[in-house]
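Okay, entry_17.cif is below, mmCIF, C-alpha atoms:
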```cif
data_structure
loop_
_atom_site.label_atom_id
_atom_site.label_comp_id
_atom_site.auth_asym_id
_atom_site.auth_seq_id
_atom_site.Cartn_x
_atom_site.Cartn_y
_atom_site.Cartn_z
CA MET A 1 -28.98 -12.28 -44.23
CA LYS A 2 -30.39 -12.57 -40.71
CA THR A 3 -28.59 -11.14 -37.69
CA THR A 4 -29.49 -11.92 -34.08
CA THR A 5 -28.73 -9.83 -31.04
CA SER A 6 -27.89 -11.16 -27.62
CA HIS A 7 -26.70 -10.44 -24.11
CA PRO A 8 -23.14 -9.30 -23.34
CA HIS A 9 -20.48 -11.95 -23.90
CA PRO A 10 -20.10 -14.43 -21.04
CA ALA A 11 -16.69 -15.83 -20.31
CA PRO A 12 -15.81 -18.58 -22.79
CA GLY A 13 -17.29 -21.87 -21.65
CA ALA A 14 -19.30 -20.26 -18.86
CA LEU A 15 -22.59 -21.56 -20.24
CA GLY A 16 -21.31 -25.01 -21.15
CA HIS A 17 -19.93 -28.07 -19.42
CA PRO A 18 -18.83 -27.17 -15.87
CA GLN A 19 -15.50 -28.92 -16.38
CA LEU A 20 -14.50 -27.12 -19.59
CA PRO A 21 -12.48 -24.35 -17.92
CA ARG A 22 -10.64 -26.97 -15.86
CA LEU A 23 -9.99 -29.14 -18.91
CA MET A 24 -8.69 -26.15 -20.86
CA GLY A 25 -6.44 -25.25 -17.93
CA LEU A 26 -4.76 -28.65 -18.03
CA MET A 27 -3.12 -27.81 -21.36
CA THR A 28 -0.18 -25.63 -20.43
CA GLY A 29 2.24 -26.42 -23.26
CA ASP A 30 4.06 -23.88 -25.42
CA GLU A 31 0.96 -22.81 -27.33
CA LYS A 32 1.21 -19.89 -29.75
CA HIS A 33 -2.47 -19.82 -30.75
CA GLY A 34 -4.34 -19.29 -27.49
CA PRO A 35 -6.86 -16.82 -28.97
CA ALA A 36 -7.60 -19.27 -31.80
CA ALA A 37 -8.62 -21.83 -29.19
CA THR A 38 -10.67 -19.66 -26.85
CA SER A 39 -12.55 -18.09 -29.76
CA THR A 40 -13.96 -21.49 -30.75
CA LEU A 41 -14.88 -22.90 -27.35
CA ASP A 42 -18.56 -21.94 -27.25
CA VAL A 43 -19.20 -22.92 -30.86
CA LEU A 44 -17.59 -26.31 -30.33
CA TRP A 45 -19.50 -26.98 -27.14
CA VAL A 46 -22.92 -26.18 -28.62
CA LEU A 47 -22.18 -28.33 -31.66
CA TYR A 48 -20.99 -31.35 -29.70
CA ASP A 49 -23.51 -31.03 -26.89
CA ARG A 50 -26.67 -30.27 -28.84
CA VAL A 51 -26.27 -30.61 -32.60
CA LEU A 52 -23.79 -33.18 -33.88
CA ARG A 53 -24.93 -36.78 -34.05
CA VAL A 54 -21.60 -38.25 -33.02
CA ALA A 55 -20.48 -40.30 -30.04
CA PRO A 56 -17.41 -42.26 -28.93
CA ASP A 57 -19.19 -45.54 -29.68
CA ARG A 58 -20.14 -44.61 -33.25
CA MET A 59 -16.97 -43.07 -34.64
CA ASP A 60 -17.06 -45.52 -37.57
CA ASP A 61 -20.83 -45.40 -38.13
CA PRO A 62 -21.51 -44.45 -41.78
CA GLY A 63 -24.62 -42.61 -40.61
CA ARG A 64 -22.77 -40.30 -38.21
CA ASP A 65 -22.46 -36.57 -38.79
CA ARG A 66 -19.02 -35.42 -39.88
CA PHE A 67 -17.31 -32.54 -38.08
CA LEU A 68 -14.16 -31.15 -39.71
CA LEU A 69 -12.03 -28.72 -37.72
CA SER A 70 -10.39 -26.57 -40.38
CA LYS A 71 -9.29 -24.04 -37.74
CA GLY A 72 -6.86 -26.63 -36.43
CA HIS A 73 -4.18 -24.26 -35.23
CA GLY A 74 -4.74 -23.78 -31.51
CA PRO A 75 -6.84 -26.92 -30.94
CA MET A 76 -7.03 -26.80 -27.12
CA ALA A 77 -10.78 -26.10 -27.05
CA TYR A 78 -11.34 -28.97 -29.47
CA TYR A 79 -9.39 -31.36 -27.27
CA ALA A 80 -11.18 -30.14 -24.14
CA VAL A 81 -14.61 -30.70 -25.71
CA LEU A 82 -13.60 -34.15 -27.00
CA ALA A 83 -12.44 -35.04 -23.49
CA ALA A 84 -15.66 -33.73 -21.93
CA LYS A 85 -17.66 -35.88 -24.33
CA GLY A 86 -15.62 -39.03 -23.70
CA PHE A 87 -13.79 -39.30 -27.02
CA LEU A 88 -10.39 -39.13 -25.35
CA PRO A 89 -9.12 -39.40 -21.76
CA ALA A 90 -8.77 -36.19 -19.80
CA GLY A 91 -5.45 -37.60 -18.63
CA TRP A 92 -4.01 -36.90 -22.08
CA LEU A 93 -4.53 -33.15 -21.77
CA PRO A 94 -1.61 -32.17 -19.50
CA ASP A 95 0.84 -33.61 -22.05
CA PHE A 96 -0.61 -31.50 -24.87
CA GLY A 97 2.05 -30.55 -27.38
CA SER A 98 4.78 -32.72 -25.88
CA TYR A 99 6.99 -34.97 -27.99
CA ASP A 100 5.13 -38.23 -27.41
CA SER A 101 1.59 -36.86 -26.92
CA PRO A 102 -1.15 -37.77 -29.42
CA LEU A 103 -2.47 -34.23 -28.91
CA GLY A 104 -0.31 -32.08 -31.16
CA HIS A 105 -0.48 -28.40 -31.95
CA HIS A 106 -2.41 -29.46 -35.07
CA PRO A 107 -4.84 -32.40 -34.68
CA ASP A 108 -3.84 -35.66 -36.33
CA ARG A 109 -6.81 -37.80 -37.39
CA THR A 110 -4.78 -40.99 -36.91
CA LEU A 111 -3.98 -40.10 -33.30
CA VAL A 112 -6.97 -38.14 -31.98
CA PRO A 113 -10.16 -40.19 -31.44
CA GLY A 114 -13.09 -38.51 -33.13
CA ALA A 115 -11.02 -36.29 -35.44
CA GLU A 116 -12.17 -36.64 -39.04
CA ILE A 117 -9.21 -34.84 -40.64
CA GLY A 118 -5.71 -33.68 -39.82
CA SER A 119 -5.84 -29.89 -39.87
CA GLY A 120 -4.13 -26.61 -39.19
CA SER A 121 -3.04 -25.48 -42.64
CA LEU A 122 -5.23 -22.53 -43.56
CA GLY A 123 -7.83 -22.96 -46.24
CA HIS A 124 -8.20 -26.70 -46.74
CA GLY A 125 -11.02 -27.75 -44.38
CA LEU A 126 -13.91 -26.28 -46.36
CA PRO A 127 -12.82 -27.85 -49.67
CA ILE A 128 -12.52 -31.21 -47.87
CA ALA A 129 -16.01 -30.70 -46.42
CA VAL A 130 -17.39 -30.05 -49.91
CA GLY A 131 -15.79 -33.28 -51.11
CA THR A 132 -17.15 -35.14 -48.09
CA ALA A 133 -20.69 -33.90 -48.74
CA LEU A 134 -20.40 -34.88 -52.39
CA GLY A 135 -19.06 -38.31 -51.48
CA LEU A 136 -21.87 -39.00 -49.03
CA ARG A 137 -24.44 -37.93 -51.60
CA ALA A 138 -22.88 -40.18 -54.22
CA GLN A 139 -23.20 -43.11 -51.81
CA GLY A 140 -26.85 -42.37 -51.18
CA LEU A 141 -26.13 -41.30 -47.58
CA ASP A 142 -28.45 -38.32 -47.45
CA ASP A 143 -28.94 -38.15 -43.69
CA PRO A 144 -25.46 -37.37 -42.28
CA ALA A 145 -24.68 -33.67 -41.94
CA VAL A 146 -21.23 -32.32 -42.71
CA TRP A 147 -19.96 -29.50 -40.51
CA VAL A 148 -16.73 -27.55 -40.89
CA LEU A 149 -15.37 -24.86 -38.56
CA THR A 150 -13.14 -22.19 -40.09
CA GLY A 151 -11.71 -18.88 -38.99
CA ASP A 152 -12.38 -15.57 -40.74
CA ALA A 153 -8.71 -15.28 -41.71
CA GLU A 154 -8.91 -18.61 -43.51
CA LEU A 155 -11.35 -17.07 -45.96
CA ASP A 156 -8.40 -15.09 -47.36
CA GLU A 157 -7.32 -18.36 -49.00
CA GLY A 158 -8.43 -18.90 -52.59
CA SER A 159 -9.24 -22.56 -51.99
CA ASN A 160 -12.15 -21.48 -49.81
CA HIS A 161 -13.45 -19.12 -52.48
CA GLU A 162 -13.62 -22.01 -54.94
CA ALA A 163 -15.37 -24.25 -52.41
CA ILE A 164 -17.94 -21.57 -51.57
CA ALA A 165 -18.60 -20.87 -55.25
CA PHE A 166 -19.11 -24.57 -56.01
CA ALA A 167 -21.22 -25.65 -53.03
CA GLY A 168 -24.11 -23.24 -53.55
CA PRO A 169 -24.98 -24.14 -57.15
CA ALA A 170 -24.36 -27.82 -56.31
CA GLY A 171 -27.18 -27.60 -53.74
CA LEU A 172 -25.16 -29.26 -50.96
CA GLU A 173 -27.93 -28.99 -48.38
CA ARG A 174 -26.13 -31.23 -45.86
CA LEU A 175 -23.07 -28.96 -45.81
CA HIS A 176 -22.75 -26.52 -42.91
CA THR A 177 -19.93 -24.05 -42.27
CA VAL A 178 -19.24 -22.14 -39.07
CA VAL A 179 -16.94 -19.14 -39.46
CA VAL A 180 -15.58 -17.90 -36.14
CA ASP A 181 -15.03 -14.21 -36.80
CA ASN A 182 -12.50 -12.59 -34.45
CA SER A 183 -11.63 -9.81 -36.92
CA SER A 184 -8.29 -11.33 -37.87
CA ALA A 185 -8.74 -11.52 -41.65
CA SER A 186 -6.38 -9.40 -43.75
CA HIS A 187 -8.69 -8.74 -46.69
CA ALA A 188 -12.18 -8.70 -45.17
CA ARG A 189 -14.64 -5.82 -45.14
CA PRO A 190 -17.69 -5.17 -42.94
CA GLY A 191 -20.47 -7.52 -43.96
CA GLY A 192 -18.17 -9.24 -46.40
CA ILE A 193 -18.38 -12.74 -44.99
CA VAL A 194 -22.11 -13.32 -45.24
CA ALA A 195 -22.34 -11.40 -48.52
CA ARG A 196 -19.70 -13.65 -50.02
CA PHE A 197 -21.61 -16.81 -49.13
CA GLU A 198 -25.01 -15.41 -50.07
CA ALA A 199 -23.74 -14.39 -53.49
CA ALA A 200 -22.90 -18.06 -54.09
CA GLY A 201 -26.39 -19.22 -53.10
CA TRP A 202 -25.81 -20.17 -49.47
CA SER A 203 -28.18 -19.68 -46.56
CA ALA A 204 -26.39 -17.36 -44.11
CA VAL A 205 -26.84 -16.04 -40.58
CA THR A 206 -24.66 -13.97 -38.24
CA VAL A 207 -24.82 -14.48 -34.47
CA ASP A 208 -23.01 -13.69 -31.23
CA GLY A 209 -20.44 -16.46 -30.98
CA ARG A 210 -20.70 -16.54 -27.18
CA ASP A 211 -24.50 -16.84 -26.98
CA HIS A 212 -25.33 -20.54 -26.81
CA GLU A 213 -29.04 -20.19 -27.53
CA ALA A 214 -28.38 -17.95 -30.54
CA LEU A 215 -25.78 -20.41 -31.81
CA TYR A 216 -28.15 -23.36 -31.42
CA ALA A 217 -30.95 -21.54 -33.25
CA ALA A 218 -28.59 -20.64 -36.09
CA PHE A 219 -27.16 -24.15 -36.32
CA THR A 220 -30.60 -25.72 -36.56
CA ALA A 221 -32.25 -23.17 -38.88
CA PRO A 222 -33.85 -24.80 -41.95
CA HIS A 223 -32.15 -24.16 -45.29
CA PRO A 224 -33.80 -26.44 -47.87
CA GLY A 225 -31.79 -26.97 -51.02
CA ARG A 226 -28.86 -24.80 -49.95
CA PRO A 227 -25.69 -25.14 -47.88
CA HIS A 228 -25.72 -23.12 -44.68
CA VAL A 229 -23.14 -20.84 -43.05
CA VAL A 230 -23.17 -19.42 -39.53
CA VAL A 231 -20.83 -16.50 -38.87
CA ALA A 232 -20.10 -16.49 -35.13
CA ARG A 233 -18.75 -13.13 -34.06
CA VAL A 234 -16.48 -13.08 -31.02
CA GLU A 235 -14.25 -10.46 -29.45
CA PRO A 236 -11.49 -9.18 -31.78
CA LYS A 237 -8.17 -10.97 -31.62
CA ARG A 238 -5.52 -9.00 -29.79
CA ALA A 239 -2.07 -8.79 -31.32
#
```
Would you mind giving the structure from this file in C-alpha cells?
Amino acid sequence: MKTTTSHPHPAPGALGHPQLPRLMGLMTGDEKHGPAATSTLDVLWVLYDRVLRVAPDRMDDPGRDRFLLSKGHGPMAYYAVLAAKGFLPAGWLPDFGSYDSPLGHHPDRTLVPGAEIGSGSLGHGLPIAVGTALGLRAQGLDDPAVWVLTGDAELDEGSNHEAIAFAGPAGLERLHTVVVDNSSASHARPGGIVARFEAAGWSAVTVDGRDHEALYAAFTAPHPGRPHVVVARVEPKRA
C-alpha cells in the first residue's frame, strides 16, 4: 500500500473547472444525498478532465473508456461535470429531480448522455465493471479502461466482496476502482479498505480525495497484470 500526503483540503471544485460551483448551485431540488455528491466532485473532475478517454462525440465508440458511477445516489456532481464537459446542456440542471427531468435522483443510462449504467442501488456498480472488463477482453478490446466509482459504505455489500475477490486472480488490468471514503461505512476498520483489495491481488493506493495532483498521480500509476484501486479520503460525512 502507498499513501500520499497533501495540502489541506480546498473547497470542493476549487481546483477544477471555474463553472463547477455555479453548475452545482443550479440543482436545488429536494436532494437527500448532498454529502454523497460533494464528496465525489474532485474525483469526478480529475477523471473527466485528465484521465478518461471519453467525449460527447464518441459515446458509442467501442474504443472509449467506460466510466460507471456506482455511487449513483446524490448524482449532482456527476451531472455538473457532464454539463461542464458538454455531454448534456447546462439548461437541464435547474430541473434536476423534477417529474419530467431526465436528471433523476439516480442516473438513468437511457436518459443521461454519457451515462454507462443506471445506478444508485448500493453494491452493484463494481460487479458490473468486472463484467464489462471481462466482456471487453473477450472481444479483444484490450485498450479501453474500465473505471467505477463507489462509496466506502457500498463495500459493506457482499456483491462487492465477490467482485473484488474475482478481479484480482483474473488479472483484470484494465479495471480501475475509485472508493470515495467519507467514513460512512458501517463495518469498516482503519486500513480495512486497501487491505481488503490487496489481499485479493489488487494494486492499491490511498490519497487525499481533494488533492487533484495526488488523484491524477494515483489514477495513472502503473499496475501491470493487476486491477487497481484508489481510495480517495475526504472529510467525514456528517449525520
- Can you give me, as number ranges by chain, the residues this file yields under the PyMOL selection byres ((chain A and resi 151-155) around 12)? A: 35-37, 39-40, 43, 69-74, 120-127, 148-150, 156-164, 177-194, 196-197, 230-234, 236-237
- Query: In terms of the shortest atom-to-atom distance over all atoms listed in the file, which of A:Pro144, A:Pro169, A:Gly104, A:Pro113 is closest to Val51 (chain A)?
  - Reply: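 Smallest distance to Val51 (chain A) is found for A:Pro144.
The environment of Tyr216 (chain A) within 12 Å, counting all atoms listed in the file and disregarding residues fewer than 3 places along the same chain, consists of Thr4, Asp42, Val43, Leu44, Trp45, Val46, Leu47, Tyr48, Asp49, Arg50, Val51, Leu52, Val178, Val205, Val207, Asp208, Gly209, Arg210, Asp211, His212, Glu213, Phe219, Thr220, Ala221, Val230 and Ala232 of chain A.
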- Query: Looking at A:Arg66, A:His106, A:Lys85, A:Tyr99, which one is nearest to Asp143 (chain A), with distances taken over only C-alpha atoms?
  - Reply: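 The closest residue to Asp143 (chain A) is A:Arg66.
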- With all atoms listed in the file as the atoms that count, which of A:Leu68, A:Met59, A:Ala80, A:Gly118 lies nearest to Pro18 (chain A)?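 Going through A:Leu68, A:Met59, A:Ala80, A:Gly118 one by one, the smallest distance to Pro18 (chain A) is for A:Ala80.
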- Exercise: Leu26 (chain A) partners within 8 Å, only C-alpha atoms, chain neighbours under 2 positions left out, as a list of chain:residue names: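 Non-adjacent residues within range: A:Arg22, A:Leu23, A:Met24, A:Thr28, A:Leu93, A:Pro94.
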Write out, as a short mmCIF file (atom, residue, chain, number, x, y, z; two decimals), in the frame of the given file, the residues just selected, with C-alpha atoms.
```
data_model
loop_
_atom_site.label_atom_id
_atom_site.label_comp_id
_atom_site.auth_asym_id
_atom_site.auth_seq_id
_atom_site.Cartn_x
_atom_site.Cartn_y
_atom_site.Cartn_z
CA ARG A 22 -10.64 -26.97 -15.86
CA LEU A 23 -9.99 -29.14 -18.91
CA MET A 24 -8.69 -26.15 -20.86
CA THR A 28 -0.18 -25.63 -20.43
CA LEU A 93 -4.53 -33.15 -21.77
CA PRO A 94 -1.61 -32.17 -19.50
#
```
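Separating CA of Ala170 (chain A) from CA of Pro222 (chain A) is a distance of 17.5 Å.
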- Go ahead and compute the interatomic distance for CA of Val112 (chain A) and CA of Ala145 (chain A), in Å to one decimal. 20.8 Å
- Message: For a test of reading the model, state the distance in Å between CA of Asp65 (chain A) and CA of Glu173 (chain A), rounded to one decimal.
- Response: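 Rounded to one decimal, the two atoms are 13.4 Å apart.
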- If the PyMOL selection byres ((chain A and resi 130-132) around 8) is run on the structure shown, which residues does it catch, given as a PyMOL selection string? chain A and resi 126-129+133-136+146+163+167+172+175
- Which residues, written as JSON, numbers by chain, have at least one atom at most 12 Å from region 88-91 of chain A, with only C-alpha atoms counted and residues fewer than 6 positions away on the same chain left out? {"A": [19, 20, 22, 23, 24, 25, 26, 27, 55, 56, 57, 78, 79, 80, 81, 82, 101, 102, 103, 111, 112, 113, 114, 115]}
Mind dumping the selected residues with C-alpha atoms as a compact mmCIF listing (two decimals), in the coordinates of the input?
```txt
# COMPACT_ATOMS: atom_id res chain seq x y z
CA GLN A 19 -15.50 -28.92 -16.38
CA LEU A 20 -14.50 -27.12 -19.59
CA ARG A 22 -10.64 -26.97 -15.86
CA LEU A 23 -9.99 -29.14 -18.91
CA MET A 24 -8.69 -26.15 -20.86
CA GLY A 25 -6.44 -25.25 -17.93
CA LEU A 26 -4.76 -28.65 -18.03
CA MET A 27 -3.12 -27.81 -21.36
CA ALA A 55 -20.48 -40.30 -30.04
CA PRO A 56 -17.41 -42.26 -28.93
CA ASP A 57 -19.19 -45.54 -29.68
CA TYR A 78 -11.34 -28.97 -29.47
CA TYR A 79 -9.39 -31.36 -27.27
CA ALA A 80 -11.18 -30.14 -24.14
CA VAL A 81 -14.61 -30.70 -25.71
CA LEU A 82 -13.60 -34.15 -27.00
CA SER A 101 1.59 -36.86 -26.92
CA PRO A 102 -1.15 -37.77 -29.42
CA LEU A 103 -2.47 -34.23 -28.91
CA LEU A 111 -3.98 -40.10 -33.30
CA VAL A 112 -6.97 -38.14 -31.98
CA PRO A 113 -10.16 -40.19 -31.44
CA GLY A 114 -13.09 -38.51 -33.13
CA ALA A 115 -11.02 -36.29 -35.44
```
Using all atoms of region 61-79 of chain A that appear in the file, construct an axis-aligned enclosing box with 3 Å of padding on every side and provide its centre coordinates and edge lengths in Å, rounded to one decimal, as lines of an AutoDock Vina configuration file.
```
center_x = -14.4
center_y = -34.6
center_z = -34.4
size_x = 26.4
size_y = 27.6
size_z = 20.7
```
